[in-house]
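Below is work_11.csv, which holds CSV, C-alpha atoms and all ligand atoms.
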```
chain,number,residue,atom,x,y,z
L,1,MET,CA,100.5,-25.9,8.2
L,2,VAL,CA,97.8,-27.8,10.1
L,3,HIS,CA,95.3,-25.9,12.3
L,4,ARG,CA,94.1,-27.4,15.6
L,5,VAL,CA,90.7,-26.2,16.4
L,6,LYS,CA,87.6,-27.2,18.3
L,7,GLY,CA,84.8,-29.0,16.4
L,8,ALA,CA,81.5,-30.8,17.1
L,9,VAL,CA,81.8,-34.5,16.1
L,10,VAL,CA,79.5,-37.5,16.2
L,11,ARG,CA,81.7,-40.7,16.4
L,12,SER,CA,79.1,-43.4,15.8
L,13,LYS,CA,75.4,-43.8,15.1
L,14,GLY,CA,73.3,-42.1,17.7
L,15,ALA,CA,76.3,-41.2,19.9
L,16,PRO,CA,76.1,-37.8,21.5
L,17,VAL,CA,77.8,-34.8,19.9
L,18,THR,CA,81.2,-34.3,21.5
L,19,LEU,CA,83.6,-31.4,21.2
L,20,GLU,CA,86.9,-32.6,19.8
L,21,THR,CA,90.2,-31.1,18.7
L,22,ILE,CA,90.2,-31.5,14.9
L,23,LEU,CA,93.1,-30.9,12.5
L,24,VAL,CA,92.4,-28.7,9.5
L,25,PRO,CA,95.0,-28.6,6.7
L,26,ASP,CA,95.9,-25.4,4.9
L,27,PRO,CA,94.1,-25.1,1.5
L,28,GLY,CA,95.4,-26.9,-1.5
L,29,PRO,CA,94.5,-26.2,-5.1
L,30,GLY,CA,90.8,-25.2,-5.5
L,31,GLU,CA,90.3,-25.0,-1.7
L,32,ALA,CA,89.6,-22.3,0.8
L,33,LEU,CA,90.1,-22.2,4.6
L,34,VAL,CA,87.3,-20.4,6.4
L,35,ASP,CA,87.1,-19.0,9.9
L,36,ILE,CA,83.5,-19.7,11.0
L,37,LEU,CA,81.4,-16.9,12.5
L,38,THR,CA,78.0,-18.6,12.8
L,39,CYS,CA,76.4,-21.9,11.9
L,40,GLY,CA,72.7,-22.9,12.2
L,41,VAL,CA,71.5,-26.2,13.6
L,42,CYS,CA,69.5,-28.0,10.8
L,43,HIS,CA,67.5,-31.1,10.9
L,44,THR,CA,69.9,-32.6,8.4
L,45,ASP,CA,72.6,-32.5,11.1
L,46,LEU,CA,70.3,-34.6,13.3
L,47,HIS,CA,69.8,-37.0,10.3
L,48,TYR,CA,73.6,-37.4,10.1
L,49,LYS,CA,73.9,-38.1,13.9
L,50,GLN,CA,71.2,-40.8,13.6
L,51,GLY,CA,73.0,-42.5,10.7
L,52,ALA,CA,70.1,-41.6,8.4
L,53,ILE,CA,72.3,-40.1,5.7
L,54,ASN,CA,75.1,-42.7,5.5
L,55,ASP,CA,77.5,-44.6,7.8
L,56,ASP,CA,80.7,-42.6,7.2
L,57,PHE,CA,81.3,-41.9,10.8
L,58,PRO,CA,82.8,-39.9,12.5
L,59,PHE,CA,81.0,-36.8,11.2
L,60,LEU,CA,82.0,-33.2,11.7
L,61,LEU,CA,78.5,-31.6,11.9
L,62,GLY,CA,77.3,-28.1,10.8
L,63,HIS,CA,76.6,-26.7,7.4
L,64,GLU,CA,74.5,-23.5,7.6
L,65,ALA,CA,77.4,-21.1,8.0
L,66,THR,CA,78.8,-17.6,7.6
L,67,GLY,CA,82.6,-17.1,7.8
L,68,VAL,CA,85.6,-15.1,6.7
L,69,VAL,CA,88.0,-16.6,4.3
L,70,SER,CA,91.4,-16.9,6.0
L,71,ALA,CA,93.5,-18.5,3.2
L,72,VAL,CA,93.0,-19.9,-0.3
L,73,GLY,CA,94.8,-22.4,-2.5
L,74,PRO,CA,97.3,-21.3,-5.1
L,75,ASP,CA,94.9,-21.2,-8.1
L,76,VAL,CA,91.9,-19.8,-6.4
L,77,THR,CA,90.6,-16.5,-7.8
L,78,GLN,CA,86.9,-16.3,-7.0
L,79,VAL,CA,87.5,-15.5,-3.2
L,80,ALA,CA,90.3,-14.0,-1.3
L,81,PRO,CA,91.4,-13.8,2.4
L,82,GLY,CA,89.2,-11.4,4.3
L,83,ASP,CA,86.1,-12.0,2.2
L,84,ARG,CA,82.8,-12.5,4.1
L,85,VAL,CA,81.2,-15.7,2.7
L,86,VAL,CA,78.1,-17.9,3.2
L,87,LEU,CA,79.1,-21.5,2.6
L,88,ASN,CA,77.1,-23.6,0.2
L,89,TRP,CA,76.9,-27.3,-0.3
L,90,ARG,CA,76.6,-27.4,-4.1
L,91,ALA,CA,79.6,-25.9,-5.7
L,92,VAL,CA,78.9,-26.5,-9.3
L,93,CYS,CA,81.6,-28.2,-11.5
L,94,GLY,CA,80.8,-26.4,-14.8
L,95,GLU,CA,81.6,-29.6,-16.7
L,96,CYS,CA,79.1,-32.3,-16.0
L,97,ARG,CA,76.2,-33.1,-18.4
L,98,ALA,CA,73.8,-30.9,-16.3
L,99,CYS,CA,76.2,-27.9,-16.4
L,100,ALA,CA,76.9,-28.5,-20.1
L,101,LYS,CA,73.1,-28.3,-20.7
L,102,GLY,CA,73.0,-24.9,-19.0
L,103,GLN,CA,71.4,-26.3,-15.9
L,104,PRO,CA,74.1,-25.9,-13.3
L,105,GLN,CA,71.5,-25.9,-10.4
L,106,TYR,CA,71.3,-29.6,-11.1
L,107,CYS,CA,75.1,-30.1,-11.3
L,108,PHE,CA,75.8,-33.9,-10.9
L,109,ASN,CA,79.4,-33.5,-9.7
L,110,THR,CA,79.4,-30.7,-7.1
L,111,HIS,CA,82.8,-30.0,-5.5
L,112,ASN,CA,84.1,-30.3,-1.9
L,113,ALA,CA,87.6,-30.0,-0.5
L,114,VAL,CA,89.9,-32.7,-1.6
L,115,GLN,CA,91.9,-32.9,1.6
L,116,LYS,CA,90.4,-34.4,4.7
L,117,MET,CA,90.1,-32.9,8.1
L,118,THR,CA,90.9,-35.4,10.8
L,119,LEU,CA,90.7,-36.2,14.5
L,120,GLU,CA,94.0,-35.9,16.5
L,121,ASP,CA,94.7,-39.6,15.9
L,122,GLY,CA,94.5,-39.2,12.2
L,123,THR,CA,91.0,-40.6,11.7
L,124,GLU,CA,89.4,-38.9,8.7
L,125,LEU,CA,86.3,-36.9,9.4
L,126,SER,CA,83.3,-36.8,7.1
L,127,ALA,CA,82.2,-33.2,6.9
L,128,ALA,CA,78.4,-32.8,6.9
L,129,LEU,CA,77.3,-31.9,3.4
L,130,GLY,CA,81.0,-31.4,2.6
L,131,ILE,CA,81.1,-28.4,5.0
L,132,GLY,CA,81.6,-29.3,8.7
L,133,ALA,CA,81.1,-25.8,10.1
L,134,PHE,CA,80.5,-26.5,13.8
L,135,ALA,CA,84.2,-25.8,14.1
L,136,GLU,CA,86.3,-22.7,14.5
L,137,LYS,CA,87.8,-23.3,11.0
L,138,THR,CA,86.8,-25.5,8.2
L,139,LEU,CA,88.2,-26.5,4.8
L,140,VAL,CA,86.0,-26.4,1.7
L,141,ALA,CA,86.2,-26.1,-2.1
L,142,ALA,CA,86.5,-22.5,-3.0
L,143,GLY,CA,83.3,-22.7,-5.0
L,144,GLN,CA,81.5,-23.5,-1.8
L,145,CYS,CA,82.2,-19.9,-0.7
L,146,THR,CA,79.7,-17.3,-1.9
L,147,LYS,CA,80.9,-13.8,-1.2
L,148,VAL,CA,78.3,-11.7,0.6
L,149,ASP,CA,77.8,-8.2,2.1
L,150,PRO,CA,79.9,-8.0,5.2
L,151,ASP,CA,77.4,-5.7,6.9
L,152,ALA,CA,74.6,-8.2,7.1
L,153,ASP,CA,74.1,-10.2,10.3
L,154,PRO,CA,76.1,-13.4,9.9
L,155,ALA,CA,73.6,-15.5,11.9
L,156,ALA,CA,70.7,-14.5,9.7
L,157,VAL,CA,72.3,-14.7,6.3
L,158,GLY,CA,74.2,-17.9,7.1
L,159,LEU,CA,70.8,-19.7,7.2
L,160,LEU,CA,70.7,-19.2,3.4
L,161,GLY,CA,73.5,-21.8,3.4
L,162,CYS,CA,70.9,-24.5,3.8
L,163,GLY,CA,67.4,-24.6,5.3
L,164,VAL,CA,66.2,-21.2,4.4
L,165,MET,CA,67.5,-21.4,0.8
L,166,ALA,CA,66.1,-24.9,0.4
L,167,GLY,CA,62.6,-23.7,1.5
L,168,ILE,CA,62.6,-20.4,-0.4
L,169,GLY,CA,64.0,-22.2,-3.5
L,170,ALA,CA,61.4,-25.0,-3.2
L,171,ALA,CA,58.8,-22.4,-3.7
L,172,ILE,CA,60.4,-19.9,-6.2
L,173,ASN,CA,62.7,-22.2,-8.2
L,174,THR,CA,61.4,-25.8,-8.0
L,175,GLY,CA,57.7,-25.0,-7.5
L,176,ASN,CA,57.9,-22.0,-9.8
L,177,VAL,CA,55.2,-20.2,-7.7
L,178,LYS,CA,53.7,-17.3,-9.6
L,179,ARG,CA,51.7,-14.2,-8.7
L,180,GLY,CA,48.1,-15.3,-7.7
L,181,ASP,CA,49.0,-18.9,-7.1
L,182,SER,CA,47.7,-20.9,-4.2
L,183,VAL,CA,50.4,-22.8,-2.3
L,184,ALA,CA,50.3,-25.2,0.7
L,185,VAL,CA,53.4,-26.0,2.7
L,186,ILE,CA,53.3,-29.2,4.9
L,187,GLY,CA,55.7,-29.0,7.8
L,188,CYS,CA,56.7,-25.6,9.1
L,189,GLY,CA,60.1,-25.9,10.6
L,190,GLY,CA,62.9,-23.8,9.3
L,191,VAL,CA,62.6,-25.2,5.8
L,192,GLY,CA,58.8,-25.1,5.6
L,193,VAL,CA,58.5,-21.6,7.0
L,194,ALA,CA,61.1,-20.5,4.5
L,195,ALA,CA,58.9,-22.0,1.7
L,196,VAL,CA,56.0,-20.0,3.1
L,197,ALA,CA,58.1,-16.8,2.9
L,198,GLY,CA,59.2,-17.7,-0.6
L,199,ALA,CA,55.7,-18.3,-1.8
L,200,ALA,CA,54.6,-15.0,-0.3
L,201,LEU,CA,57.6,-13.3,-1.9
L,202,ALA,CA,56.7,-14.7,-5.3
L,203,GLY,CA,53.2,-13.3,-5.1
L,204,ALA,CA,51.1,-16.3,-4.1
L,205,THR,CA,47.8,-15.0,-2.8
L,206,THR,CA,46.8,-18.0,-0.8
L,207,VAL,CA,49.6,-19.5,1.3
L,208,ILE,CA,48.4,-22.4,3.6
L,209,ALA,CA,50.8,-23.5,6.4
L,210,VAL,CA,50.2,-27.0,7.7
L,211,ASP,CA,51.9,-28.5,10.8
L,212,ILE,CA,51.0,-30.8,13.7
L,213,ASP,CA,52.4,-28.3,16.1
L,214,PRO,CA,50.3,-25.1,16.6
L,215,LYS,CA,53.4,-23.1,17.7
L,216,LYS,CA,54.9,-23.6,14.3
L,217,LEU,CA,51.7,-22.3,12.7
L,218,GLU,CA,51.9,-19.0,14.6
L,219,ARG,CA,55.3,-18.3,13.2
L,220,ALA,CA,54.3,-19.2,9.7
L,221,LYS,CA,51.6,-16.5,9.9
L,222,ASP,CA,54.3,-13.9,10.7
L,223,LEU,CA,56.2,-15.0,7.6
L,224,GLY,CA,53.4,-14.8,5.1
L,225,ALA,CA,50.9,-17.6,5.6
L,226,THR,CA,47.3,-16.5,4.9
L,227,HIS,CA,45.8,-19.6,6.4
L,228,THR,CA,46.9,-22.3,8.8
L,229,VAL,CA,45.9,-26.0,9.2
L,230,ASP,CA,46.7,-28.0,12.3
L,231,SER,CA,47.0,-31.5,10.8
L,232,SER,CA,47.0,-33.2,14.2
L,233,ALA,CA,43.4,-32.1,14.5
L,234,VAL,CA,41.9,-32.1,11.0
L,235,ASP,CA,42.5,-33.9,7.7
L,236,PRO,CA,44.9,-31.5,5.8
L,237,VAL,CA,43.8,-32.7,2.4
L,238,GLU,CA,40.2,-31.7,3.1
L,239,ALA,CA,41.2,-28.5,4.7
L,240,ILE,CA,43.5,-27.4,1.8
L,241,ARG,CA,40.7,-28.2,-0.7
L,242,GLU,CA,38.2,-26.2,1.3
L,243,LEU,CA,40.6,-23.2,1.4
L,244,THR,CA,41.1,-23.4,-2.4
L,245,GLY,CA,37.5,-23.5,-3.7
L,246,GLY,CA,37.2,-27.2,-3.3
L,247,PHE,CA,40.0,-28.0,-5.8
L,248,GLY,CA,43.4,-28.1,-4.1
L,249,ALA,CA,46.5,-25.8,-4.2
L,250,ASP,CA,48.5,-25.0,-7.4
L,251,VAL,CA,51.7,-26.0,-5.6
L,252,VAL,CA,52.0,-28.2,-2.5
L,253,ILE,CA,55.4,-28.4,-0.8
L,254,ASP,CA,56.3,-31.3,1.5
L,255,ALA,CA,58.9,-30.0,3.9
L,256,VAL,CA,58.6,-33.1,6.2
L,257,GLY,CA,59.6,-35.9,3.8
L,258,ARG,CA,57.5,-38.8,5.1
L,259,PRO,CA,55.3,-41.1,3.0
L,260,GLU,CA,52.1,-39.8,4.8
L,261,THR,CA,53.0,-36.1,4.2
L,262,TYR,CA,53.9,-36.8,0.6
L,263,LYS,CA,50.5,-38.5,0.0
L,264,GLN,CA,48.8,-35.5,1.6
L,265,ALA,CA,50.7,-33.2,-0.7
L,266,PHE,CA,49.9,-35.4,-3.7
L,267,TYR,CA,46.1,-35.3,-3.0
L,268,ALA,CA,46.0,-31.7,-1.7
L,269,ARG,CA,47.1,-30.2,-5.1
L,270,ASP,CA,44.8,-29.2,-7.9
L,271,LEU,CA,44.7,-31.1,-11.1
L,272,ALA,CA,47.8,-30.4,-13.2
L,273,GLY,CA,49.4,-28.9,-10.0
L,274,THR,CA,52.9,-29.4,-8.7
L,275,VAL,CA,54.2,-31.4,-5.7
L,276,VAL,CA,57.6,-30.4,-4.4
L,277,LEU,CA,59.4,-32.8,-2.1
L,278,VAL,CA,62.0,-30.8,-0.1
L,279,GLY,CA,61.9,-32.8,3.2
L,280,VAL,CA,64.5,-35.6,3.1
L,281,PRO,CA,63.1,-39.1,3.6
L,282,SER,CA,65.2,-41.8,5.4
L,283,PRO,CA,66.3,-44.9,3.5
L,284,GLU,CA,63.6,-47.3,4.8
L,285,MET,CA,60.7,-45.2,3.6
L,286,THR,CA,58.7,-46.3,0.6
L,287,LEU,CA,55.6,-44.8,-1.1
L,288,GLU,CA,52.6,-46.6,-2.6
L,289,LEU,CA,50.2,-44.6,-4.8
L,290,PRO,CA,47.5,-45.8,-7.3
L,291,LEU,CA,49.3,-45.3,-10.7
L,292,LEU,CA,46.0,-44.2,-12.2
L,293,ASP,CA,45.9,-41.3,-9.7
L,294,VAL,CA,49.5,-40.4,-10.8
L,295,PHE,CA,48.3,-40.3,-14.4
L,296,GLY,CA,44.8,-38.9,-13.8
L,297,ARG,CA,45.8,-36.0,-11.7
L,298,GLY,CA,48.5,-34.8,-14.1
L,299,GLY,CA,50.9,-32.1,-13.3
L,300,SER,CA,54.4,-32.6,-12.0
L,301,LEU,CA,56.0,-34.4,-9.0
L,302,LYS,CA,59.3,-32.8,-8.3
L,303,SER,CA,62.1,-33.0,-5.8
L,304,SER,CA,64.0,-29.9,-4.6
L,305,TRP,CA,67.8,-30.3,-4.1
L,306,TYR,CA,68.8,-27.3,-2.0
L,307,GLY,CA,65.9,-25.3,-3.4
L,308,ASP,CA,67.4,-25.8,-6.9
L,309,CYS,CA,69.4,-22.8,-6.1
L,310,LEU,CA,72.5,-21.3,-7.7
L,311,PRO,CA,74.3,-19.8,-4.7
L,312,SER,CA,76.1,-17.2,-6.7
L,313,ARG,CA,72.8,-15.9,-8.1
L,314,ASP,CA,70.4,-16.5,-5.2
L,315,PHE,CA,72.4,-15.7,-2.0
L,316,PRO,CA,73.2,-12.0,-2.9
L,317,MET,CA,69.7,-11.5,-4.4
L,318,LEU,CA,68.0,-12.8,-1.2
L,319,ILE,CA,70.4,-10.7,1.0
L,320,ASP,CA,69.4,-7.6,-1.0
L,321,LEU,CA,65.7,-8.4,-0.3
L,322,TYR,CA,66.6,-8.9,3.4
L,323,ARG,CA,68.3,-5.6,3.6
L,324,GLN,CA,65.4,-3.9,1.9
L,325,GLY,CA,63.0,-5.3,4.5
L,326,LYS,CA,61.2,-7.6,2.0
L,327,LEU,CA,62.5,-10.9,3.5
L,328,ASP,CA,62.6,-11.3,7.2
L,329,LEU,CA,65.7,-13.5,7.7
L,330,ASP,CA,66.0,-12.3,11.4
L,331,ALA,CA,62.7,-14.1,12.1
L,332,PHE,CA,64.4,-17.5,11.5
L,333,VAL,CA,67.0,-16.9,14.2
L,334,THR,CA,65.2,-18.0,17.4
L,335,GLU,CA,68.3,-18.2,19.6
L,336,ARG,CA,72.1,-17.8,19.6
L,337,ILE,CA,74.0,-20.5,21.3
L,338,THR,CA,77.5,-21.8,21.9
L,339,ILE,CA,79.1,-24.8,20.4
L,340,ASP,CA,78.6,-26.9,23.5
L,341,GLN,CA,74.8,-26.5,23.3
L,342,ILE,CA,74.2,-28.4,20.0
L,343,GLU,CA,72.5,-31.5,21.7
L,344,GLU,CA,70.2,-29.1,23.6
L,345,ALA,CA,69.4,-27.5,20.2
L,346,PHE,CA,68.4,-30.9,18.8
L,347,ASP,CA,66.1,-31.4,21.7
L,348,LYS,CA,64.5,-28.0,21.2
L,349,MET,CA,64.1,-28.8,17.5
L,350,HIS,CA,62.0,-31.8,18.5
L,351,SER,CA,60.0,-29.9,21.1
L,352,GLY,CA,59.1,-27.3,18.5
L,353,ALA,CA,60.5,-24.5,20.6
L,354,VAL,CA,62.8,-23.0,17.9
L,355,LEU,CA,62.9,-22.4,14.2
L,356,ARG,CA,66.7,-22.1,14.2
L,357,SER,CA,69.3,-22.2,16.9
L,358,VAL,CA,72.5,-20.6,15.6
L,359,VAL,CA,75.9,-21.4,17.0
L,360,GLU,CA,78.2,-18.4,17.4
L,361,LEU,CA,81.8,-19.4,17.2
M,1,LIG,N1,66.0,-30.7,0.1
M,1,LIG,C1,67.0,-30.0,0.7
M,1,LIG,O1,67.9,-29.5,0.1
M,1,LIG,C2,66.9,-29.8,2.2
M,1,LIG,C3,67.7,-28.9,2.9
M,1,LIG,C4,67.6,-28.7,4.3
M,1,LIG,C5,66.8,-29.5,5.0
M,1,LIG,N2,66.0,-30.5,4.3
M,1,LIG,C6,65.1,-31.3,5.0
M,1,LIG,O2,63.9,-30.6,5.2
M,1,LIG,C7,63.2,-31.2,6.3
M,1,LIG,C8,62.7,-30.2,7.3
M,1,LIG,O3,63.9,-29.6,7.9
M,1,LIG,P1,63.7,-28.5,9.1
M,1,LIG,O4,65.1,-28.1,9.4
M,1,LIG,O5,62.7,-27.5,8.7
M,1,LIG,O6,63.2,-29.5,10.2
M,1,LIG,P2,62.4,-29.1,11.5
M,1,LIG,O7,62.5,-30.3,12.5
M,1,LIG,O8,62.7,-27.7,12.0
M,1,LIG,O9,60.9,-29.0,11.0
M,1,LIG,C9,60.0,-30.1,10.7
M,1,LIG,C10,58.6,-29.6,10.9
M,1,LIG,O10,57.7,-30.6,10.4
M,1,LIG,C11,56.6,-30.8,11.3
M,1,LIG,N3,56.1,-32.1,11.2
M,1,LIG,C12,56.6,-33.3,11.6
M,1,LIG,N4,55.8,-34.3,11.2
M,1,LIG,C13,54.7,-33.7,10.5
M,1,LIG,C14,53.6,-34.3,9.9
M,1,LIG,N5,53.3,-35.6,9.9
M,1,LIG,N6,52.7,-33.4,9.4
M,1,LIG,C15,53.0,-32.0,9.4
M,1,LIG,N7,54.1,-31.5,10.0
M,1,LIG,C16,54.9,-32.3,10.5
M,1,LIG,C17,57.3,-30.5,12.7
M,1,LIG,O11,56.3,-30.2,13.7
M,1,LIG,C18,58.2,-29.4,12.3
M,1,LIG,O12,57.6,-28.1,12.5
M,1,LIG,C19,64.1,-32.3,6.9
M,1,LIG,O13,63.8,-33.5,6.4
M,1,LIG,C20,65.5,-31.8,6.4
M,1,LIG,O14,66.4,-32.9,6.3
M,1,LIG,C21,66.1,-30.6,3.0
M,2,ZN,ZN,78.3,-29.8,-13.0
M,3,ZN,ZN,70.7,-28.2,6.4
```

For the file at hand, write its structure as structure tokens.
Ligand SMILES: NC(=O)c1ccc[n+]([C@@H]2O[C@H](COP(=O)([O-])OP(=O)(O)OC[C@H]3O[C@@H](n4cnc5c(N)ncnc54)[C@H](O)[C@@H]3O)[C@@H](O)[C@H]2O)c1
Ligand SMILES: [Zn+2]
Ligand SMILES: [Zn+2]
Amino acid sequence: MVHRVKGAVVRSKGAPVTLETILVPDPGPGEALVDILTCGVCHTDLHYKQGAINDDFPFLLGHEATGVVSAVGPDVTQVAPGDRVVLNWRAVCGECRACAKGQPQYCFNTHNAVQKMTLEDGTELSAALGIGAFAEKTLVAAGQCTKVDPDADPAAVGLLGCGVMAGIGAAINTGNVKRGDSVAVIGCGGVGVAAVAGAALAGATTVIAVDIDPKKLERAKDLGATHTVDSSAVDPVEAIRELTGGFGADVVIDAVGRPETYKQAFYARDLAGTVVLVGVPSPEMTLELPLLDVFGRGGSLKSSWYGDCLPSRDFPMLIDLYRQGKLDLDAFVTERITIDQIEEAFDKMHSGAVLRSVVEL
């Protein structure tokens, strides 16, 4: 059976988001059909709309979602109809060379649904990050469904499906932040503020939030920043060094993803420190650094794919911390909106007014 539901689609580069009837097939082998409850608006959705990810239009947007499994393919055992799930965009394969090395968080062959969702005229949709959850129903690989506690607020825990997990994981998994570390986070949108919260959770004693928008810095303080730097007013490299005894931070996380913020991160870390790039650059961006500085400053320059998370390990653990009052996921949900307000949510993202707008379906 094919399900006809409403979904938020971008037909061509830069075109506005339109609500369209989409056709969602019943799950085949390895797939799950999910009724979406909530889906956050992430900057990556805007990147898709702008053609900054790839040109595979039309896109079905949305990927930070909580839902309820409504049907599964014949061979699926890990989830069942009725399960409350948070969707993830890295369902590990268990077979590639990363998985074989015992490093499934780097899986090089993550799974998505095999069947395509389409527009009414049969045009195949590209689901954002293999999810496409600005829709009443979506079709994913069963491994993209992580079963979670049904009592937790879907809007809050769904954010673990992308930005919040990417940020927390950039600190605790990729950056390996430890008790007593100093950490600076450049860019304090949903991802960066989550990195601030992750650093605080891991026991960092100095957590420096950097943004060009003072409103973002206020929120970062609420989530664990010990210091803030308005980099529209002062040089963030100098400011971070001053706040860390003149040396730089042990770990600096770039949650913007631009050459200038990466350079700031590179020079604002201590010798032998770590830079984590979690913001996603666009294809035309290039970086030039003196190679002698790359050598002479030592340490490690890392990228963080989805916070190097393992959804099956990390989502339930973070939801436990949320329910124990140790991780304030509610603070990330600035507003709850309807599916026809996604364009407005993109505008608000630019104006700095919200951390996350969450669509309730
Ligand atoms: N690596 C991953 O797995 C992953 C996952 C989700 C999102 N992302 C990426 O993370 C980035 C941030 O996403 P978001 O949802 O938090 O976006 P956002 O728009 O909510 O936040 C971006 C923040 O950066 C600030 N900013 C912009 N330019 C700056 C500059 N030059 N210096 C300092 N701050 C600056 C903005 O004021 C804003 O607060 C995006 O590039 C997004 O695509 C990566
Ligand atoms: Zn794999
Ligand atoms: Zn995202």

Exercise for review: Could you check how far CA of Lys13 in chain L sits from CA of Asp55 in chain L, in Å to one decimal?
Suggested key: 7.6 Å

Distance filter 12 Å around ligand ZN 3 (chain M), atoms: only C-alpha atoms and all ligand atoms, out as a PDB file with C-alpha atoms, in the coordinates of the input:
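Output (part18.pdb):
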```
ATOM      1  CA  CYS L  39      76.400 -21.900  11.900  1.00  0.00           C
ATOM      2  CA  GLY L  40      72.700 -22.900  12.200  1.00  0.00           C
ATOM      3  CA  VAL L  41      71.500 -26.200  13.600  1.00  0.00           C
ATOM      4  CA  CYS L  42      69.500 -28.000  10.800  1.00  0.00           C
ATOM      5  CA  HIS L  43      67.500 -31.100  10.900  1.00  0.00           C
ATOM      6  CA  THR L  44      69.900 -32.600   8.400  1.00  0.00           C
ATOM      7  CA  ASP L  45      72.600 -32.500  11.100  1.00  0.00           C
ATOM      8  CA  LEU L  46      70.300 -34.600  13.300  1.00  0.00           C
ATOM      9  CA  HIS L  47      69.800 -37.000  10.300  1.00  0.00           C
ATOM     10  CA  TYR L  48      73.600 -37.400  10.100  1.00  0.00           C
ATOM     11  CA  LEU L  61      78.500 -31.600  11.900  1.00  0.00           C
ATOM     12  CA  GLY L  62      77.300 -28.100  10.800  1.00  0.00           C
ATOM     13  CA  HIS L  63      76.600 -26.700   7.400  1.00  0.00           C
ATOM     14  CA  GLU L  64      74.500 -23.500   7.600  1.00  0.00           C
ATOM     15  CA  ALA L  65      77.400 -21.100   8.000  1.00  0.00           C
ATOM     16  CA  LEU L  87      79.100 -21.500   2.600  1.00  0.00           C
ATOM     17  CA  ASN L  88      77.100 -23.600   0.200  1.00  0.00           C
ATOM     18  CA  TRP L  89      76.900 -27.300  -0.300  1.00  0.00           C
ATOM     19  CA  ALA L 128      78.400 -32.800   6.900  1.00  0.00           C
ATOM     20  CA  LEU L 129      77.300 -31.900   3.400  1.00  0.00           C
ATOM     21  CA  GLY L 130      81.000 -31.400   2.600  1.00  0.00           C
ATOM     22  CA  ILE L 131      81.100 -28.400   5.000  1.00  0.00           C
ATOM     23  CA  GLY L 132      81.600 -29.300   8.700  1.00  0.00           C
ATOM     24  CA  ALA L 133      81.100 -25.800  10.100  1.00  0.00           C
ATOM     25  CA  GLY L 158      74.200 -17.900   7.100  1.00  0.00           C
ATOM     26  CA  LEU L 159      70.800 -19.700   7.200  1.00  0.00           C
ATOM     27  CA  LEU L 160      70.700 -19.200   3.400  1.00  0.00           C
ATOM     28  CA  GLY L 161      73.500 -21.800   3.400  1.00  0.00           C
ATOM     29  CA  CYS L 162      70.900 -24.500   3.800  1.00  0.00           C
ATOM     30  CA  GLY L 163      67.400 -24.600   5.300  1.00  0.00           C
ATOM     31  CA  VAL L 164      66.200 -21.200   4.400  1.00  0.00           C
ATOM     32  CA  MET L 165      67.500 -21.400   0.800  1.00  0.00           C
ATOM     33  CA  ALA L 166      66.100 -24.900   0.400  1.00  0.00           C
ATOM     34  CA  GLY L 167      62.600 -23.700   1.500  1.00  0.00           C
ATOM     35  CA  GLY L 189      60.100 -25.900  10.600  1.00  0.00           C
ATOM     36  CA  GLY L 190      62.900 -23.800   9.300  1.00  0.00           C
ATOM     37  CA  VAL L 191      62.600 -25.200   5.800  1.00  0.00           C
ATOM     38  CA  VAL L 278      62.000 -30.800  -0.100  1.00  0.00           C
ATOM     39  CA  GLY L 279      61.900 -32.800   3.200  1.00  0.00           C
ATOM     40  CA  VAL L 280      64.500 -35.600   3.100  1.00  0.00           C
ATOM     41  CA  TRP L 305      67.800 -30.300  -4.100  1.00  0.00           C
ATOM     42  CA  TYR L 306      68.800 -27.300  -2.000  1.00  0.00           C
ATOM     43  CA  GLY L 307      65.900 -25.300  -3.400  1.00  0.00           C
ATOM     44  CA  ARG L 356      66.700 -22.100  14.200  1.00  0.00           C
TER      45      ARG L 356
END
```

Point to revise | Expected answer as a PyMOL selection string: residues within 8 Å of ligand ZN 2 (chain M), all atoms listed in the file | key: chain L and resi 92-100+104+106-110

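In terms of minimum interatomic distance to ligand LIG 1 (chain M), L:Val256 ranks closest within L:Val9, L:Val76, L:Ala155, L:Val256, counting only C-alpha atoms and all ligand atoms.
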
Point to revise | Å distance separating atom O14 of ligand LIG 1 (chain M) from CA of Gly257 in chain L, one decimal place | key: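 So the answer is 7.8 Å.
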
Review point. Can you tell me how far CA of Cys188 in chain L sits from CA of Ile253 in chain L, in Å to one decimal?
Key: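 Separation of CA of Cys188 in chain L and CA of Ile253 in chain L: 10.4 Å.
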
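Using all atoms listed in the file, the shortest contact distance between ligand LIG 1 (chain M) and any of L:Ser303, L:Gln115, L:Thr274, L:Asn54 is found at L:Ser303.
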
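Closest approach to Ala195 in chain L from the set L:Asp35, L:Asp254, L:Asp347, L:Asp293 is made by L:Asp254, with distances taken over all atoms listed in the file.
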
Point to revise | From L:Leu327, L:Leu318, L:Val79, L:Ile168, residue lying nearest ligand LIG 1 (chain M) [all atoms listed in the file] | key: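 Closest candidate: L:Ile168.
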
Review point. Which of these, L:Ile53, L:Glu335, L:Asp153, L:Pro214, has the shortest distance to Glu284 in chain L once you count all atoms listed in the file?
Key: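 Looking at the shortest contact to Glu284 in chain L, the residue is L:Ile53.
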
Review point. From the list L:Arg90, L:Arg219, L:Arg84, L:His227, which residue is nearest Phe332 in chain L when using all atoms listed in the file?
Key: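 Once distances to Phe332 in chain L are computed over all atoms listed in the file, the minimum belongs to L:Arg219.
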
Point to revise | Long-range neighbours of Phe247 in chain L as a ChimeraX atom specification, 12 Å cut-off, only C-alpha atoms, 6 positions minimum in chain | key: /L:182,237-241,267-273,297
